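Pasted below: query-v3.csv, CSV, C-alpha atoms.
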```
chain,number,residue,atom,x,y,z
I,5,MET,CA,1.1,-3.2,26.1
I,6,GLY,CA,1.4,-6.1,23.7
I,7,VAL,CA,-1.5,-8.5,23.2
I,8,ALA,CA,-1.0,-12.1,24.2
I,9,ILE,CA,-2.0,-14.6,21.4
I,10,GLU,CA,-2.4,-18.3,22.1
I,11,THR,CA,-1.7,-19.7,18.6
I,12,THR,CA,1.6,-21.7,18.4
I,13,HIS,CA,2.1,-21.5,14.7
I,14,PRO,CA,3.3,-18.5,12.6
I,15,TYR,CA,0.5,-16.2,11.6
I,16,THR,CA,-1.1,-16.4,8.1
I,17,PRO,CA,-3.3,-13.8,6.4
I,18,ARG,CA,-6.4,-15.7,7.7
I,19,GLU,CA,-5.5,-14.7,11.3
I,20,SER,CA,-5.9,-11.3,12.9
I,21,GLY,CA,-2.4,-11.5,14.3
I,22,PHE,CA,-1.0,-11.3,10.8
I,23,TRP,CA,-2.8,-8.0,10.2
I,24,ARG,CA,-2.0,-6.6,13.7
I,25,ILE,CA,1.7,-7.2,13.0
I,26,THR,CA,1.4,-5.7,9.6
I,27,ALA,CA,-0.5,-2.6,10.8
I,28,ALA,CA,1.9,-2.0,13.7
I,29,LEU,CA,5.0,-2.3,11.6
I,30,MET,CA,3.5,-0.2,8.8
I,31,ILE,CA,2.7,2.6,11.3
I,32,ALA,CA,6.2,2.4,12.9
I,33,SER,CA,7.7,2.4,9.5
I,34,LEU,CA,5.8,5.5,8.5
I,35,SER,CA,7.1,7.4,11.5
I,36,THR,CA,10.7,6.1,11.0
I,37,PHE,CA,11.1,6.9,7.4
I,38,SER,CA,9.2,10.2,7.3
I,39,THR,CA,11.6,11.3,10.1
I,40,LEU,CA,14.7,10.0,8.3
I,41,TYR,CA,13.9,11.8,5.0
I,42,VAL,CA,12.1,14.9,6.4
I,43,PHE,CA,15.2,17.1,5.7
I,44,GLN,CA,15.9,15.9,2.2
I,45,PRO,CA,13.7,18.4,0.3
I,46,LEU,CA,14.8,21.1,2.8
I,47,LEU,CA,18.5,20.9,1.8
I,48,PRO,CA,18.4,24.0,-0.5
I,49,LEU,CA,16.6,25.9,2.4
I,50,LEU,CA,19.3,24.8,4.9
I,51,SER,CA,22.0,25.7,2.4
I,52,ASP,CA,20.7,29.2,2.1
I,53,SER,CA,19.8,29.7,5.8
I,54,TYR,CA,23.1,28.6,7.2
I,55,ASP,CA,25.3,29.6,4.2
I,56,ARG,CA,26.5,26.1,3.5
I,57,SER,CA,27.2,24.5,0.1
I,58,ALA,CA,24.9,21.7,-1.3
I,59,THR,CA,27.4,19.1,-0.3
I,60,VAL,CA,27.9,20.4,3.3
I,61,SER,CA,24.1,20.8,3.8
I,62,SER,CA,23.7,17.2,2.9
I,63,PHE,CA,25.5,16.2,6.1
I,64,VAL,CA,22.1,16.6,7.8
I,65,MET,CA,21.1,13.5,5.8
I,66,SER,CA,24.4,11.6,5.7
I,67,SER,CA,25.3,12.0,9.4
I,68,CYS,CA,21.9,10.6,10.3
I,69,VAL,CA,22.3,7.7,8.0
I,70,LEU,CA,25.9,6.9,9.1
I,71,ALA,CA,24.7,6.8,12.7
I,72,MET,CA,21.9,4.6,11.5
I,73,VAL,CA,24.4,2.1,10.1
I,74,VAL,CA,26.0,1.8,13.5
I,75,GLY,CA,22.6,1.5,15.1
I,76,LEU,CA,21.6,-1.3,12.8
I,77,PHE,CA,24.5,-3.4,13.9
I,78,VAL,CA,24.1,-2.6,17.7
I,79,LEU,CA,20.3,-2.7,17.9
I,80,GLY,CA,20.1,-5.7,15.5
I,81,PHE,CA,22.4,-7.6,17.8
I,82,LEU,CA,20.5,-6.6,20.9
I,83,SER,CA,17.2,-7.5,19.4
I,84,ASP,CA,18.5,-11.0,18.6
I,85,ARG,CA,19.7,-11.3,22.1
I,86,TYR,CA,17.0,-9.7,24.2
I,87,GLY,CA,13.9,-9.4,22.0
I,88,ARG,CA,12.6,-7.5,19.0
I,89,VAL,CA,9.6,-5.6,20.4
I,90,ALA,CA,11.5,-3.9,23.2
I,91,VAL,CA,14.1,-2.5,20.8
I,92,MET,CA,11.3,-1.2,18.4
I,93,LYS,CA,9.5,0.6,21.3
I,94,LEU,CA,12.8,2.2,22.4
I,95,SER,CA,13.5,3.3,18.8
I,96,LEU,CA,10.1,5.0,18.4
I,97,PHE,CA,10.3,7.0,21.6
I,98,VAL,CA,13.9,8.2,21.3
I,99,THR,CA,13.1,9.2,17.7
I,100,VAL,CA,10.2,11.4,18.8
I,101,ILE,CA,12.2,13.1,21.6
I,102,THR,CA,15.2,14.0,19.3
I,103,LEU,CA,12.8,15.2,16.6
I,104,GLY,CA,11.0,17.5,19.1
I,105,LEU,CA,14.4,19.0,20.2
I,106,ILE,CA,15.5,20.0,16.7
I,107,PRO,CA,13.2,23.1,16.4
I,108,LEU,CA,14.7,24.4,19.7
I,109,VAL,CA,18.3,24.7,18.4
I,110,ASP,CA,19.6,27.5,16.3
I,111,SER,CA,22.8,26.3,14.7
I,112,PHE,CA,23.6,23.9,11.8
I,113,GLU,CA,26.0,22.0,13.9
I,114,TRP,CA,23.4,21.3,16.6
I,115,ILE,CA,21.0,20.0,14.0
I,116,VAL,CA,23.6,17.6,12.7
I,117,ALA,CA,24.4,16.5,16.3
I,118,LEU,CA,20.8,15.7,17.1
I,119,ARG,CA,20.4,13.9,13.7
I,120,VAL,CA,23.4,11.7,14.7
I,121,ILE,CA,21.6,10.6,17.9
I,122,GLN,CA,18.3,10.3,16.1
I,123,GLY,CA,19.9,8.2,13.3
I,124,PHE,CA,21.3,5.6,15.8
I,125,PHE,CA,17.8,5.0,17.3
I,126,LEU,CA,16.0,5.2,14.0
I,127,ALA,CA,17.7,1.9,13.2
I,128,GLY,CA,15.6,0.0,15.8
I,129,ILE,CA,12.5,-0.5,13.6
I,130,PRO,CA,14.3,-1.7,10.4
I,131,ALA,CA,16.8,-3.8,12.4
I,132,ALA,CA,14.2,-5.7,14.4
I,133,ALA,CA,11.2,-5.7,12.1
I,134,MET,CA,12.6,-8.1,9.5
I,135,GLY,CA,13.6,-10.6,12.1
I,136,TYR,CA,10.3,-10.3,13.9
I,137,LEU,CA,8.4,-10.9,10.6
I,138,GLY,CA,10.6,-13.9,9.9
I,139,GLU,CA,9.7,-15.5,13.2
I,140,GLU,CA,6.0,-14.5,13.6
I,141,THR,CA,4.7,-15.0,10.0
I,142,SER,CA,4.5,-18.1,8.0
I,143,PRO,CA,7.4,-18.7,5.5
I,144,LYS,CA,4.9,-19.0,2.6
I,145,HIS,CA,3.4,-15.5,3.4
I,146,ILE,CA,6.5,-13.6,4.5
I,147,GLY,CA,6.8,-12.2,1.0
I,148,LEU,CA,3.4,-10.6,1.3
I,149,ALA,CA,4.1,-9.3,4.8
I,150,MET,CA,7.5,-7.9,3.8
I,151,THR,CA,6.1,-6.1,0.7
I,152,LEU,CA,3.4,-4.4,2.8
I,153,TYR,CA,6.1,-3.3,5.3
I,154,ILE,CA,8.3,-2.1,2.5
I,155,SER,CA,5.4,-0.2,1.0
I,156,SER,CA,5.0,1.7,4.2
I,157,ASN,CA,8.7,2.5,4.0
I,158,ALA,CA,7.9,4.1,0.7
I,159,LEU,CA,4.9,5.9,2.0
I,160,GLY,CA,6.8,7.2,5.0
I,161,GLY,CA,9.6,8.5,2.7
I,162,MET,CA,7.1,10.1,0.4
I,163,GLY,CA,5.2,11.7,3.3
I,164,GLY,CA,8.4,13.1,4.8
I,165,ARG,CA,9.5,14.6,1.6
I,166,VAL,CA,6.2,15.9,0.2
I,167,GLY,CA,4.9,17.1,3.6
I,168,ALA,CA,8.2,18.8,4.6
I,169,GLY,CA,8.7,20.4,1.3
I,170,TYR,CA,5.1,21.8,1.2
I,171,LEU,CA,4.9,22.9,4.8
I,172,ALA,CA,8.3,24.6,4.8
I,173,GLY,CA,7.4,26.4,1.6
I,174,VAL,CA,4.1,27.7,3.1
I,175,PHE,CA,5.2,28.1,6.8
I,176,ASP,CA,8.7,27.6,8.2
I,177,LEU,CA,11.2,25.0,9.2
I,178,ARG,CA,10.3,24.8,12.9
I,179,LEU,CA,6.6,24.3,12.4
I,180,THR,CA,7.3,21.7,9.8
I,181,ILE,CA,9.4,19.7,12.3
I,182,TRP,CA,6.8,20.1,15.1
I,183,VAL,CA,4.1,18.6,12.8
I,184,PHE,CA,6.3,15.5,12.2
I,185,ALA,CA,7.1,15.2,15.9
I,186,PHE,CA,3.4,15.1,16.7
I,187,PHE,CA,2.8,12.4,14.2
I,188,GLY,CA,5.7,10.4,15.8
I,189,VAL,CA,3.9,10.5,19.2
I,190,LEU,CA,0.7,9.2,17.6
I,191,ALA,CA,2.5,6.5,15.8
I,192,ALA,CA,4.3,5.3,18.9
I,193,PHE,CA,1.0,5.0,20.8
I,194,LEU,CA,-0.7,3.1,18.0
I,195,PHE,CA,2.3,0.7,17.8
I,196,LEU,CA,2.0,-0.1,21.5
I,197,VAL,CA,-1.6,-0.9,21.2
I,198,LEU,CA,-1.3,-3.1,18.1
I,199,ILE,CA,1.9,-5.0,18.3
I,200,PRO,CA,1.4,-8.7,19.5
I,201,ASN,CA,3.8,-10.2,21.9
I,202,GLU,CA,6.7,-12.3,20.6
I,203,ARG,CA,5.8,-16.0,20.6
I,204,PHE,CA,8.8,-17.7,19.0
I,205,PHE,CA,11.7,-15.5,20.2
I,206,GLU,CA,14.1,-17.5,22.4
I,207,LYS,CA,16.5,-15.5,24.6
I,208,THR,CA,20.0,-16.8,24.3
I,209,ASP,CA,22.1,-17.7,27.4
I,210,GLN,CA,25.4,-18.0,25.5
I,211,SER,CA,28.2,-15.5,25.9
I,212,ILE,CA,28.3,-12.3,23.9
I,213,VAL,CA,31.5,-13.5,22.2
I,214,LYS,CA,29.9,-16.7,21.0
I,215,ASP,CA,26.8,-14.8,20.0
I,216,LEU,CA,28.9,-12.4,17.9
I,217,GLN,CA,30.6,-15.4,16.3
I,218,GLY,CA,27.3,-16.8,15.2
I,219,LEU,CA,26.2,-13.4,13.9
I,220,PHE,CA,29.3,-13.0,11.7
I,221,VAL,CA,28.7,-16.4,10.0
I,222,HIS,CA,26.4,-14.4,7.7
I,223,LEU,CA,29.4,-12.6,6.3
I,224,ARG,CA,30.8,-16.0,5.1
I,225,SER,CA,27.8,-16.8,2.9
I,226,GLY,CA,28.2,-15.9,-0.8
I,227,ASN,CA,24.5,-15.6,-1.3
I,228,MET,CA,24.1,-13.3,1.7
I,229,LEU,CA,27.0,-11.1,0.6
I,230,PHE,CA,25.4,-10.8,-2.8
I,231,LEU,CA,22.2,-9.5,-1.2
I,232,PHE,CA,24.1,-7.2,1.1
I,233,LEU,CA,26.0,-5.6,-1.7
I,234,MET,CA,22.9,-5.3,-3.8
I,235,GLY,CA,21.2,-3.3,-1.1
I,236,PHE,CA,24.2,-0.9,-1.1
I,237,LEU,CA,24.2,-0.4,-4.8
I,238,LEU,CA,20.4,0.1,-5.2
I,239,GLN,CA,20.2,2.6,-2.4
I,240,ALA,CA,23.3,4.6,-3.5
I,241,VAL,CA,21.6,5.1,-6.9
I,242,PHE,CA,18.2,5.9,-5.4
I,243,THR,CA,19.5,8.4,-2.8
I,244,ALA,CA,21.8,10.2,-5.2
I,245,VAL,CA,18.9,10.9,-7.6
I,246,TRP,CA,16.5,12.2,-4.9
I,247,THR,CA,19.1,14.2,-2.9
I,248,TYR,CA,20.3,16.3,-5.8
I,249,LEU,CA,16.9,16.4,-7.7
I,250,PRO,CA,15.8,19.7,-5.8
I,251,PHE,CA,19.1,21.4,-6.8
I,252,TYR,CA,18.7,20.2,-10.4
I,253,LEU,CA,15.1,21.3,-10.7
I,254,GLN,CA,15.7,24.7,-9.1
I,255,GLY,CA,18.2,25.5,-11.8
I,256,GLU,CA,18.0,26.1,-15.5
I,257,PRO,CA,16.0,25.3,-17.6
I,258,PHE,CA,13.3,24.4,-15.0
I,259,ARG,CA,13.4,27.1,-12.3
I,260,TRP,CA,10.9,25.1,-10.1
I,261,THR,CA,9.9,26.4,-6.6
I,262,LEU,CA,10.4,24.2,-3.5
I,263,GLU,CA,6.6,23.7,-3.3
I,264,VAL,CA,6.5,22.4,-6.9
I,265,ILE,CA,9.5,20.2,-6.4
I,266,SER,CA,8.0,18.6,-3.4
I,267,PHE,CA,5.2,17.2,-5.6
I,268,THR,CA,7.7,15.1,-7.5
I,269,TYR,CA,7.8,12.9,-4.5
I,270,PHE,CA,4.4,11.6,-5.3
I,271,ALA,CA,6.3,9.3,-7.6
I,272,TYR,CA,6.7,7.3,-4.4
I,273,LEU,CA,3.1,6.2,-4.9
I,274,PHE,CA,4.4,3.7,-7.4
I,275,GLY,CA,6.8,2.4,-4.7
I,276,ILE,CA,3.8,1.9,-2.4
I,277,ILE,CA,1.5,0.1,-4.9
I,278,ALA,CA,4.1,-2.0,-6.7
I,279,PRO,CA,5.6,-4.1,-3.8
I,280,PRO,CA,2.4,-5.8,-2.7
I,281,LEU,CA,1.6,-6.7,-6.3
I,282,ALA,CA,5.1,-8.0,-6.7
I,283,GLY,CA,4.7,-10.0,-3.5
I,284,ARG,CA,1.8,-11.9,-5.1
I,285,MET,CA,3.8,-12.3,-8.4
I,286,SER,CA,6.6,-13.8,-6.4
I,287,LEU,CA,4.4,-16.7,-5.3
I,288,SER,CA,4.4,-18.0,-8.9
I,289,LEU,CA,7.6,-16.5,-10.4
I,290,GLY,CA,9.8,-16.6,-7.3
I,291,MET,CA,11.3,-13.7,-5.4
I,292,LYS,CA,14.6,-13.9,-7.2
I,293,ARG,CA,13.1,-13.4,-10.7
I,294,VAL,CA,10.9,-10.6,-9.5
I,295,MET,CA,13.9,-8.8,-8.0
I,296,TYR,CA,15.9,-8.9,-11.2
I,297,LEU,CA,13.0,-7.6,-13.2
I,298,ALA,CA,12.6,-4.7,-10.7
I,299,VAL,CA,16.3,-3.7,-11.2
I,300,LEU,CA,15.7,-3.5,-14.9
I,301,VAL,CA,12.8,-1.2,-14.3
I,302,MET,CA,14.9,1.0,-12.0
I,303,LEU,CA,17.7,1.2,-14.6
I,304,ALA,CA,15.2,2.3,-17.2
I,305,GLY,CA,13.8,5.0,-14.9
I,306,ALA,CA,17.3,6.4,-14.1
I,307,GLY,CA,18.0,6.7,-17.8
I,308,VAL,CA,14.8,8.5,-18.6
I,309,THR,CA,15.5,11.3,-16.1
I,310,ALA,CA,18.4,12.3,-18.4
I,311,VAL,CA,15.9,13.8,-20.8
I,312,PRO,CA,15.6,17.6,-20.0
I,313,SER,CA,11.9,17.6,-19.8
I,314,GLY,CA,9.8,17.9,-16.7
I,315,SER,CA,7.2,15.3,-17.7
I,316,MET,CA,9.9,12.8,-18.7
I,317,ILE,CA,11.8,13.3,-15.4
I,318,VAL,CA,8.6,12.7,-13.5
I,319,PHE,CA,7.9,9.5,-15.6
I,320,GLY,CA,11.5,8.4,-14.9
I,321,LEU,CA,11.1,8.9,-11.2
I,322,CYS,CA,7.9,6.8,-11.2
I,323,LEU,CA,9.8,3.9,-12.8
I,324,LEU,CA,12.7,4.4,-10.4
I,325,CYS,CA,10.5,4.2,-7.4
I,326,MET,CA,8.6,1.2,-8.7
I,327,GLY,CA,11.8,-0.8,-9.5
I,328,PHE,CA,13.6,0.2,-6.3
I,329,PHE,CA,11.0,-0.7,-3.8
I,330,VAL,CA,10.2,-4.0,-5.4
I,331,ALA,CA,13.8,-5.0,-5.6
I,332,HIS,CA,14.4,-3.9,-2.0
I,333,ALA,CA,11.3,-5.8,-0.8
I,334,MET,CA,12.4,-9.0,-2.6
I,335,ALA,CA,16.0,-8.8,-1.3
I,336,SER,CA,14.7,-8.2,2.3
I,337,ALA,CA,12.4,-11.2,2.1
I,338,LEU,CA,15.2,-13.4,0.7
I,339,VAL,CA,17.6,-12.3,3.6
I,340,SER,CA,14.9,-13.0,6.2
I,341,LYS,CA,13.9,-16.3,4.6
I,342,SER,CA,17.5,-17.5,4.1
I,343,ALA,CA,18.7,-16.8,7.7
I,344,THR,CA,18.2,-19.8,10.0
I,345,HIS,CA,19.6,-18.0,13.0
I,346,HIS,CA,20.4,-14.4,14.1
I,347,ARG,CA,17.7,-13.2,11.8
I,348,SER,CA,17.8,-9.6,13.0
I,349,GLY,CA,21.6,-9.8,12.6
I,350,ALA,CA,21.3,-10.9,9.0
I,351,SER,CA,18.7,-8.2,8.4
I,352,GLY,CA,21.0,-5.7,10.1
I,353,PHE,CA,23.9,-6.5,7.8
I,354,TYR,CA,21.7,-6.1,4.8
I,355,LEU,CA,20.4,-2.8,6.1
I,356,ILE,CA,23.9,-1.6,7.1
I,357,SER,CA,24.9,-2.1,3.4
I,358,TYR,CA,21.6,-0.5,2.4
I,359,TYR,CA,22.1,2.7,4.4
I,360,ALA,CA,25.8,2.9,3.6
I,361,GLY,CA,24.4,3.4,0.1
I,362,VAL,CA,22.4,6.3,1.4
I,363,ALA,CA,25.5,8.0,2.8
I,364,VAL,CA,27.3,7.5,-0.5
I,365,GLY,CA,24.4,8.7,-2.5
I,366,SER,CA,23.8,11.8,-0.4
I,367,THR,CA,27.2,13.2,0.3
I,368,ALA,CA,29.9,11.3,-1.7
I,369,ALA,CA,27.8,11.8,-4.9
I,370,GLY,CA,28.0,15.5,-4.2
I,371,VAL,CA,31.5,15.6,-5.7
I,372,LEU,CA,30.0,14.4,-9.0
I,373,TRP,CA,27.2,16.9,-8.7
I,374,GLU,CA,29.6,19.8,-8.1
I,375,GLY,CA,31.7,18.7,-11.1
I,376,SER,CA,29.3,17.3,-13.7
I,377,GLY,CA,25.8,18.2,-12.6
I,378,TRP,CA,22.9,15.9,-13.2
I,379,LEU,CA,24.7,13.8,-15.7
I,380,GLY,CA,27.3,13.1,-13.1
I,381,ILE,CA,24.7,11.9,-10.7
I,382,LEU,CA,23.2,9.6,-13.3
I,383,SER,CA,26.6,8.3,-14.3
I,384,ILE,CA,27.3,6.8,-10.9
I,385,GLY,CA,23.8,5.4,-10.8
I,386,ILE,CA,24.0,3.6,-14.1
I,387,SER,CA,27.5,2.4,-13.3
I,388,PHE,CA,26.4,0.9,-10.0
I,389,LEU,CA,23.5,-0.8,-11.6
I,390,VAL,CA,25.7,-2.3,-14.3
I,391,LEU,CA,28.0,-3.5,-11.6
I,392,PHE,CA,25.0,-5.2,-9.9
I,393,PHE,CA,24.3,-7.2,-13.1
I,394,CYS,CA,27.9,-8.2,-13.3
I,395,MET,CA,27.6,-9.6,-9.8
I,396,TRP,CA,24.4,-11.3,-10.7
I,397,LEU,CA,26.1,-13.1,-13.6
I,398,LEU,CA,28.8,-14.3,-11.2
I,399,ARG,CA,26.3,-15.5,-8.6
I,400,ARG,CA,23.7,-16.8,-11.0
I,401,ARG,CA,23.6,-20.2,-9.4
I,402,GLY,CA,23.1,-18.8,-5.9
I,403,LEU,CA,20.0,-17.6,-4.1
I,404,SER,CA,17.2,-20.0,-3.5
I,405,THR,CA,13.7,-18.7,-3.8
```

Since I need it in another form, could you write the structure as structure tokens?
Amino acid sequence: MGVAIETTHPYTPRESGFWRITAALMIASLSTFSTLYVFQPLLPLLSDSYDRSATVSSFVMSSCVLAMVVGLFVLGFLSDRYGRVAVMKLSLFVTVITLGLIPLVDSFEWIVALRVIQGFFLAGIPAAAMGYLGEETSPKHIGLAMTLYISSNALGGMGGRVGAGYLAGVFDLRLTIWVFAFFGVLAAFLFLVLIPNERFFEKTDQSIVKDLQGLFVHLRSGNMLFLFLMGFLLQAVFTAVWTYLPFYLQGEPFRWTLEVISFTYFAYLFGIIAPPLAGRMSLSLGMKRVMYLAVLVMLAGAGVTAVPSGSMIVFGLCLLCMGFFVAHAMASALVSKSATHHRSGASGFYLISYYAGVAVGSTAAGVLWEGSGWLGILSIGISFLVLFFCMWLLRRRGLST
């Protein structure tokens, strides 16, 4: 149900097509990321309901993310070969179906199984959206388009966490999931109405083997590898903090309820507001410099949460969200801008690294949580961010803006 547009140049903010693309991708992103993170604040509830440890209950998150990593590669490759819009439509509808089935099962293992299927198809929007933006919007304005898209990622993540935490505290798990499934249906319909047809995508006739060879060229680029690894490190830190935050705040000396903990996710508002502002800053400072400044802000935020004060933890989370989403937006734009071919594949490799960081931050970091508590979580975060700056020093002459 796409809308045919006659213009033959990439869209700019002066054209309605630019804003139709932006609105469609923002709505799709809201659905995708609210679904991905809906279970994160519910982990203590799942742990109690199914008699699982904190680390085991986190499989509901990590299994979905690991399947998403596979989906990013497969669906990213297919979107480069057969088209972006078709892959994104498939992603939205399978996501809604699997989400609607979860309230109908009554075992922890079935929830994990459905999350695996869901995770694979959740990858369709992020795998194809970045390549679609790279082709359909002007190079000068891709930073703005990308930061608006990333802001919707933050809004979806916040909505999933805050909404799920609050609804589950007031009602129950099943009703909470039904609400999010209904939103997914609405988002899929709006996406169909708004998304313009692809105008610059060219279907390839070459063999799958040659197509794969062209795709893997991205792994031989030092600049691309730097961006891929950066996405992994930033997401590992970010996910570790947010995954184990509910367990930390439920314990001494805080003793916060699940409803109160869910309000800490309003820190995501800073991740929603900051990227578009940073996108405008990047026009004068360059995306590379803005990205590095954002990592510094994120590092400061992680450090502040070490102070055992509720207000200081919330302040640190605000800094963490601001820095993370700006750095992610700039890195995403640099990947899409730098790729001259297989754009969805390049974006897919970045996002594979990015979501591998989610798996590490959600389940692997649980070992540190079980052994050293909150300081263990922060130690891996700060270590990863320090490693990032070491990589930056080694690659200082890379990355064009």

So, counting all atoms listed in the file, which residue among I:Arg165, I:His145, I:Arg119, I:Lys292 is closest to I:Met334?
I:Lys292

Could you tell me how far atom CA of I:Trp114 sits from atom CA of I:Phe193, in Å to one decimal place?
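For atom CA of I:Phe193 relative to atom CA of I:Trp114, the distance reads 28.0 Å.
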
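Closest approach to I:Phe393 among I:Ile265, I:Thr102, I:Leu237, I:Leu152 is made by I:Leu237 (distances from only C-alpha atoms).
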
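Between I:Ile199 and the candidates I:Leu108, I:Cys394, I:Val89, I:Leu94, the tightest atom-to-atom separation, counting all atoms listed in the file, involves I:Val89.
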
As number ranges by chain, please: the residues near I:Ser340 (cut-off 8 Å, all atoms listed in the file, same-chain neighbours under 4 positions excluded).
I: 134-135, 138, 336, 347, 350-351

Tell me which of I:Pro312, I:Gly327, I:Gly283, I:Gly128 sits closest to I:Ile146, counting only C-alpha atoms.
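For I:Ile146, the nearest of the candidates is I:Gly283.
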
So that I can check the surroundings of I:Gly164, please list as a list in words every protein, DNA and RNA residue that reaches within 9 Å of it, counting only C-alpha atoms and ignoring chain neighbours fewer than 4 positions away.
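Residues near the query, excluding close chain neighbours: Leu34, Ser35, Phe37, Ser38, Thr39, Leu40, Tyr41, Val42, Phe43, Gln44, Pro45, Leu159, Gly160, Ala168, Gly169 and Phe184 of chain I.
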
Do you have the atom CA of I:Met234-atom CA of I:Gly320 distance handy?
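Going from atom CA of I:Met234 over to atom CA of I:Gly320 covers 21.0 Å.
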
Please compute the atom CA of I:Ala304-atom CA of I:Leu253 distance, one decimal, in Å.
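One can read the atom CA of I:Ala304 to atom CA of I:Leu253 distance as 20.1 Å.
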
For stretch 54-63 of chain I, find every residue with an atom within 10 Å (counting all atoms listed in the file), except residues of its own chain fewer than 5 positions away, and show them as a list in words.
Phe43, Gln44, Leu46, Leu47, Pro48, Leu49, Cys68, Val69, Leu70, Asp110, Ser111, Phe112, Glu113, Ile115, Val116, Arg119, Val120, Thr247, Tyr248, Phe251, Ala363, Ser366, Thr367, Ala368, Ala369, Gly370, Val371, Trp373 and Glu374 of chain I

Residue with smallest distance to I:Pro143 - pool I:Val299, I:Leu287, I:Cys325, I:Val109, counting all atoms listed in the file:
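Closest residue, counting all atoms listed in the file: I:Leu287.
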
Considering only C-alpha atoms, return as number ranges by chain whatever protein or nucleic-acid residues lie within 9 Å of I:Thr99, sequence-local ones (same chain, fewer than 6 positions apart) excluded.
I: 35-36, 39, 121-123, 125-126, 185, 188

Print the selection's residues with C-alpha atoms to a file, as an mmCIF file, in the coordinates of the input.
```cif
data_model
loop_
_atom_site.group_PDB
_atom_site.id
_atom_site.type_symbol
_atom_site.label_atom_id
_atom_site.label_comp_id
_atom_site.auth_asym_id
_atom_site.auth_seq_id
_atom_site.Cartn_x
_atom_site.Cartn_y
_atom_site.Cartn_z
ATOM 1 C CA SER I 35 7.100 7.400 11.500
ATOM 2 C CA THR I 36 10.700 6.100 11.000
ATOM 3 C CA THR I 39 11.600 11.300 10.100
ATOM 4 C CA ILE I 121 21.600 10.600 17.900
ATOM 5 C CA GLN I 122 18.300 10.300 16.100
ATOM 6 C CA GLY I 123 19.900 8.200 13.300
ATOM 7 C CA PHE I 125 17.800 5.000 17.300
ATOM 8 C CA LEU I 126 16.000 5.200 14.000
ATOM 9 C CA ALA I 185 7.100 15.200 15.900
ATOM 10 C CA GLY I 188 5.700 10.400 15.800
#
```

Find the residues near I:Phe242: any atom within 10 Å, counting all atoms listed in the file, skip ones fewer than 5 places away on the same chain, and give them as a PyMOL selection string.
chain I and resi 237+247+302+306+321+324-325+328-329+361-362+365-366+385

Pick from I:Tyr358, I:Val245, I:Phe97, I:Leu382: nearest to I:Leu190, with all atoms listed in the file counted?
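Once distances to I:Leu190 are computed over all atoms listed in the file, the minimum belongs to I:Phe97.
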